[in-house]
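One structure is given here, and the rest of the page talks about it.
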Amino acid sequence: MSIELGHFALVLAFALALVQMCVPIIGGQLKNETLMRVGEPTAMAGFALISLSFAALLSAYVLSDFSVLNVWENSHSAKPLLYKITGTWGNHEGSMLLWVLILAFFGALVALFGRNLPLTLRANVLGVQGAIGSAFLLFILMTSNPFTRLDPAPMQGRDLNPILQDVGLAVHPPLLYLGYVGFSVSFSFAIAALIEGRIDAAWARWVRPWTLAAWMFLTGGIAMGSYWAYYELGWGGFWFWDPVENASLLPWLGGTALLHSALVMEKRSALKIWTVLLAILTFSLSLLGTFLVRSGVLTSVHAFATDPARGVFILGILMLFIGGSLALFAWRAGSLTAGGLFQPISREGALVLNNLILTTATATVLIGTLYPLLIEALLGEKISVGPPFFNLTFGPLMLPLLAIVPFGPLLAWKRGDLWAASQRLFFAFGAALLVAMLAYVVIDPSSVLGAAGIGLGAWLVLGAATDIVLKSGFGKATGAVAWRRLIGLPRSVFGTALAHAGLGLTMIGIAAVSTQQEERIVALQPGETVEIHGFVLRFESLRPFTGPNYTEDQAHFVLNRVTGKPLGAVVSAKRLYQARQMPTTEAGIRTLGLSQLYVSLGDRTPNGALVVRVWWKPFVTLIWLGALVMMAGGAVSLLDRRLRVGAPMPRAKPGKAKVAGEGARG
């Protein structure tokens with residue numbers, strides 16, 4: 001009965017989404033306050049109904065109700081409870097239901113916390129959110145219904161894809177969708193501004209927290225996906241330039257550019273048209289990512305759907321929202337003022353350069369991802385664009401961007417002094433150069449690029465610290481005064497510094513592991529050893545183990561330093577999931593400081609030896625630690641009071657009864 005209730009709730013949610021799409025926007029055009037206020041309760045009710053629908057599907061998974069087709073295809077009664085829960089979104093239909101649940105959640109947040117928005121703007125934003133929700137709810141109901149029944153009901157399910165039976169699935173998709181879908185709010189604000197034909201600094205301040213929250217969650221989702229692929233797939237890599245990985249990277253790059261552009265618009269009323277366009281493009285890239293994963297045009301461990309009908313439907317959604325929004329932008333852009341002027345050497349100039357590089361990098365990744373698909377569609381030929389292309393194009397674009405990041409916060413608005421900023425960064429540059437030299441001499445004298453990458457990462461970390469020190473007045477004011485200034489700094493200053501420092505930590509990890517990792521591939525009998533980077537790994541035995549829904553052969557190793565100091569055990573395994581008869585490799589990972597020893601099993605040789613692949617990965621944990629620091633920077637910035645109040649209203653011009661920022665105060 002609960003399944004039918006979930007389906008009915010989804011149908012009601014679709015009807016409410018249609019009301020939310022039409023009534024508030026019509027009210028805004030008619031200046032009818034009653035109609036404009038319809039969007040708020042409708043958004044809240046829609047979220048409640050979709051939550052009920054999702055809860056019904058979740059209950060079916062937990063109770064192993066195999067009369068539901070979706071549960072039968074993706075679950076098993078022997079599966080651990082955690083994976084029954086995560087299996088709810090470990091498939092196409094369930095993940096799309098999670099997608100619209102998060103979309104409705106953001107709409108409800110706008111209705112709940114958007115009381116300080118001008119009524120017309122709030123109505124238009126909720127109307128656009130309703131339009132997006134109605135399109136995807138229709139997609140689910142017509143092509144991806146998760147509540148389809150089976151009659152008669154099977155006794156047992158087919159089990160979830162084994163590589164998805166991991167705790168990472170509990171974290172990675174929800175974080176990723178919070179990022180993808182979070183950008184819908186920025187998109188809705190942009191469309192609402194174009195509908196109304198008015199945009200100002202208050203608009204930028206309202207958009208920034210939503211963009212920042214989406215960026216923060218997407219950062220975490222990408223990092224979690226990277227770590228999941230690293231330890232679960234057994235390949236030992238943290239990024240493969242998989243097209244579906246690229247699909248999440250694209251809106252992250254666009255969102256990063258949008259954050260910086262919105263800052264310029266808020267502070268200096270500049271880049272207005274560009275910021276609106278970025279808000280549209282960033283969510284468009286999120287929709288494109290949804291199309292790539294759900295349409296079946298890509299073959300990937302990440303991709304769910306292979307039904308062409310679904311792909312055509314999502315392609316129609318893309319054409320409607322991307323094409324429609326860009327057409328509206330082209331129509332309205334001419335009526336929007338460009339904003340204030342500034343000198344090239346200024347904080348605005350640095351942020352514009354940041355935007356140019358980020359958008360160029362985004363275009364590069366987009367071309368590399370879509371080009372093989374276009375060639376196959378037009379010529380019928382299959383080509384592959386892999387890591388060499390992206391490393392040779394994306395890397396050189398990002399290096400100059402990372403080099404200029406520390407300068408931005410130290411330049412003045414409107415007109416800056418590059419030489420003065422360089423002098424303030426002299427110590428940071430010297431210390432980073434010293435780090436690079438030490439990395440070259442001590443770690444690996446044969447790797448100039450690795451040492452340079454580590455030095456560049458240190459430059460970002462030290463540059464972020466320099467910004468905090470200078471703004472606090474340490475070295476110029478007394479300790480007590482400097483400490484009071486430090487405590488009194490806006491939280492956004494700390495958030496920016498943390499985000500830049502986190503990027504630096506990730507850069508250090510990428511540079512170190514890409515240029516200095518070591519690898520050994522050996523065939524071992526019990527009692528034999530392999531030596532790597534001053535460690536000795538001894539193969540003890542191979543033991544069978546039976547899990548709740550799998551069997552595995554566990555290889556037990558003992559790790560010691562070459563000096564004989566014991567470091568404990570490492571266990572790696574080859575696992576077989578019985579329902580699907582699908583094998584997986586469970587890597588054995590031992591973390592030593594910021595580095596890791598990674599052990600993956602291969603097949604047996606004809607003489608009975610076990611092929612073992614061992615990596616030493618220096619500073620690899622900094623890749624994900626840096627992402628956590630970036631997320632912390634986003635969270636700290638969100639706590640800044642300035643992001644929770646409206647922007648100051650501009651002075652009214654003589655003879656003008658209304659101003660652009662009317663109703664902006666919270």
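Please note that chains go A, B, ... in the order of the structure tokens, that every chain numbers its residues from 1, and that ligands are numbered from 1 in the order shown.
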Inset, instruction - Mind listing the alpha helix (DSSP H) residues of stretch 377-590 of chain A, per DSSP on the backbone, as an MDAnalysis selection string? - result: chainID A and resid 377:379 387:404 418:424 426:438 448:472 479:488 491:516
Legend entry - Exercise: A:Arg641 partners within 10 Å, only C-alpha atoms, chain neighbours under 5 positions left out, as a ChimeraX atom specification: /A:490-492
Using only C-alpha atoms, what does the table of stretch 141-259 of chain A residues within 9 Å of stretch 356-376 of chain A look like, with each row giving the shortest atom pair and its distance in Å to one decimal, sorted by chain and ascending number, as a tab-separated table?
```
residue	atom	partner	partner_atom	distance
A:Trp241	CA	A:Thr369	CA	8.9
A:Asp242	CA	A:Thr369	CA	8.6
A:Pro243	CA	A:Thr369	CA	5.7
A:Val244	CA	A:Thr369	CA	8.8
A:Asn246	CA	A:Val365	CA	6.9
A:Ala247	CA	A:Thr369	CA	8.3
A:Leu249	CA	A:Thr362	CA	8.3
A:Leu250	CA	A:Thr362	CA	5.8
A:Pro251	CA	A:Thr362	CA	8.4
A:Leu253	CA	A:Leu358	CA	6.2
A:Gly254	CA	A:Thr359	CA	6.7
A:Thr256	CA	A:Leu358	CA	7.8
A:Ala257	CA	A:Leu358	CA	6.2
```
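Restricting the calculation to only C-alpha atoms, the smallest distance between A:Ile195 and any of A:Ser325, A:Ser514, A:Ser77, A:Thr563 is found for A:Ser325.
Compared by their closest atoms to A:Ala153, and using only C-alpha atoms, the residues A:Val68, A:Ala420, A:Ala131, A:Leu336 rank with A:Val68 nearest.
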Inset, instruction - Skip A:Ala511 itself and residues of its chain fewer than 3 positions away, then list as a ChimeraX atom specification all residues within 8 Å of it, counting only C-alpha atoms. - result: /A:449-451,453-454,507-508,514-515
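Residues in contact with A:Trp615 at up to 10 Å, not including ones fewer than 6 positions away on its chain and judged by only C-alpha atoms, are Gly236, Gln517, Glu518, Glu519, Arg520, Ile521, Ile532, His533, Ile589, Gln596, Leu597, Tyr598, Val599 and Ser600 of chain A.
Candidate residues A:Ile102, A:Ala190, A:Val435, A:Ala213 were compared for distance to A:Leu639, and the nearest is A:Ala213, using only C-alpha atoms.
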Inset, instruction - Considering only C-alpha atoms, return as an NGL selection string whatever protein or nucleic-acid residues lie within 8 Å of A:Glu528, sequence-local ones (same chain, fewer than 3 positions apart) excluded. - result: :A and (524-525 or 538-540)
Print the selection's residues with C-alpha atoms to a file, as a JSON list (two decimals), in the first residue's frame.
```json
[["chain", "number", "residue", "atom", "x", "y", "z"],
["A", 524, "LEU", "CA", 54.28, -13.97, -4.42],
["A", 525, "GLN", "CA", 54.05, -17.29, -2.64],
["A", 538, "ARG", "CA", 55.52, -10.01, 3.42],
["A", 539, "PHE", "CA", 52.75, -12.23, 2.05],
["A", 540, "GLU", "CA", 51.52, -14.40, 4.95]]
```
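Comparing the minimum interatomic distances between A:Arg575 and each of A:Gln343, A:Thr551, A:Thr478, A:Thr282, counting only C-alpha atoms, we find that A:Thr551 sits nearest.
Closest approach to A:Ile317 from the set A:Trp483, A:Leu138, A:Leu112, A:Gly504 is made by A:Leu138, with distances taken over only C-alpha atoms.
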Legend entry - strand (DSSP E) call set, DSSP backbone run, stretch 405-648 of chain A, as a ChimeraX atom specification: /A:518-524,529-532,535-546,550-561,566-577,582-586,588-592,595-604,610-617
Written selection (C-alpha atoms) as a compact mmCIF listing (two decimals), in the first residue's frame:
```txt
# COMPACT_ATOMS: atom_id res chain seq x y z
CA GLU A 518 56.42 3.95 -6.87
CA GLU A 519 54.94 0.70 -8.15
CA ARG A 520 55.86 -2.96 -7.91
CA ILE A 521 54.13 -5.87 -9.65
CA VAL A 522 55.25 -9.24 -8.31
CA ALA A 523 54.02 -12.83 -8.03
CA LEU A 524 54.28 -13.97 -4.42
CA THR A 529 58.35 -10.41 0.32
CA VAL A 530 58.43 -7.31 -1.85
CA GLU A 531 60.33 -4.14 -0.97
CA ILE A 532 59.15 -0.64 -1.84
CA PHE A 535 59.17 -0.85 3.43
CA VAL A 536 59.02 -4.64 3.28
CA LEU A 537 55.66 -6.30 2.60
CA ARG A 538 55.52 -10.01 3.42
CA PHE A 539 52.75 -12.23 2.05
CA GLU A 540 51.52 -14.40 4.95
CA SER A 541 48.56 -16.39 3.66
CA LEU A 542 45.40 -16.48 1.59
CA ARG A 543 42.28 -17.20 3.67
CA PRO A 544 38.63 -17.65 2.65
CA PHE A 545 35.99 -15.43 4.22
CA THR A 546 32.20 -15.39 3.94
CA TYR A 550 29.57 -12.47 -0.79
CA THR A 551 32.56 -14.74 -0.44
CA GLU A 552 36.15 -13.60 -0.73
CA ASP A 553 39.76 -14.71 -0.60
CA GLN A 554 41.66 -12.47 1.79
CA ALA A 555 45.40 -12.00 1.30
CA HIS A 556 47.07 -11.20 4.62
CA PHE A 557 50.32 -9.24 4.57
CA VAL A 558 52.68 -8.01 7.27
CA LEU A 559 54.29 -4.60 6.78
CA ASN A 560 57.68 -3.70 8.22
CA ARG A 561 60.28 -1.05 7.65
CA PRO A 566 56.81 -3.67 12.50
CA LEU A 567 54.00 -1.49 11.13
CA GLY A 568 51.08 -3.91 11.33
CA ALA A 569 48.97 -5.93 8.92
CA VAL A 570 47.50 -5.16 5.51
CA VAL A 571 44.56 -7.14 4.14
CA SER A 572 43.54 -7.16 0.49
CA ALA A 573 40.88 -9.35 -1.10
CA LYS A 574 39.25 -10.71 -4.25
CA ARG A 575 35.50 -10.76 -3.59
CA LEU A 576 32.65 -12.57 -5.38
CA TYR A 577 29.05 -11.42 -4.95
CA MET A 582 30.33 -10.53 -10.13
CA PRO A 583 33.89 -10.20 -8.78
CA THR A 584 35.41 -7.09 -7.22
CA THR A 585 38.84 -6.19 -5.91
CA GLU A 586 39.10 -4.84 -2.37
CA GLY A 588 44.40 -3.07 1.12
CA ILE A 589 45.42 0.45 2.11
CA ARG A 590 47.73 1.42 4.96
CA THR A 591 48.00 5.14 5.73
CA LEU A 592 51.40 6.25 6.99
CA SER A 595 51.11 8.91 2.43
CA GLN A 596 49.64 5.49 1.72
CA LEU A 597 50.77 2.00 0.83
CA TYR A 598 48.23 0.52 -1.60
CA VAL A 599 47.98 -3.24 -2.25
CA SER A 600 45.78 -4.73 -4.98
CA LEU A 601 45.43 -8.39 -5.93
CA GLY A 602 45.61 -9.90 -9.40
CA ASP A 603 45.14 -13.44 -10.65
CA ARG A 604 47.10 -16.57 -9.81
CA LEU A 610 49.49 -14.65 -6.40
CA VAL A 611 50.05 -11.56 -8.53
CA VAL A 612 50.27 -8.55 -6.22
CA ARG A 613 50.40 -4.93 -7.30
CA VAL A 614 51.87 -2.56 -4.70
CA TRP A 615 52.02 1.24 -4.85
CA TRP A 616 53.69 3.76 -2.60
CA LYS A 617 51.67 6.98 -2.89
```
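Nearest to A:Gly473 of all the residues A:Gly488, A:Pro400, A:Pro445, A:Gly349 is A:Gly488, based on only C-alpha atoms.
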Inset, instruction - Name the residues in contact with A:Val71 at a cut-off of 6 Å, using only C-alpha atoms, excluding same-chain residues fewer than 4 positions from it; report them as a PyMOL selection string. - result: chain A and resi 61+66+75
Legend entry - Polymer residues at most 8 Å from stretch 469-471 of chain A, only C-alpha atoms, same-chain spacing of 2 or more positions, as JSON, numbers by chain: {"A": [465, 466, 467, 473, 474, 485, 486, 489]}
Tell me, counting only C-alpha atoms, for each residue of stretch 411-482 of chain A within 12 Å of stretch 624-635 of chain A, which pair of atoms is nearest and how far apart they are in Å to one decimal, in rows ordered by chain and increasing number, as JSON lines.
```
{"residue": "A:Gly457", "atom": "CA", "partner": "A:Gly626", "partner_atom": "CA", "distance": 10.4}
{"residue": "A:Leu460", "atom": "CA", "partner": "A:Gly626", "partner_atom": "CA", "distance": 11.5}
{"residue": "A:Val461", "atom": "CA", "partner": "A:Gly626", "partner_atom": "CA", "distance": 10.3}
{"residue": "A:Ala464", "atom": "CA", "partner": "A:Gly633", "partner_atom": "CA", "distance": 11.5}
```
Store the residues of this selection in a file with C-alpha atoms, as an mmCIF file, in the first residue's frame.
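This is the output file result_1.cif:
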```
data_model
loop_
_atom_site.group_PDB
_atom_site.id
_atom_site.type_symbol
_atom_site.label_atom_id
_atom_site.label_comp_id
_atom_site.auth_asym_id
_atom_site.auth_seq_id
_atom_site.Cartn_x
_atom_site.Cartn_y
_atom_site.Cartn_z
ATOM 1 C CA GLY A 457 50.796 24.264 -3.751
ATOM 2 C CA LEU A 460 48.781 28.917 -2.414
ATOM 3 C CA VAL A 461 48.819 27.879 1.253
ATOM 4 C CA ALA A 464 46.322 32.477 1.984
#
```
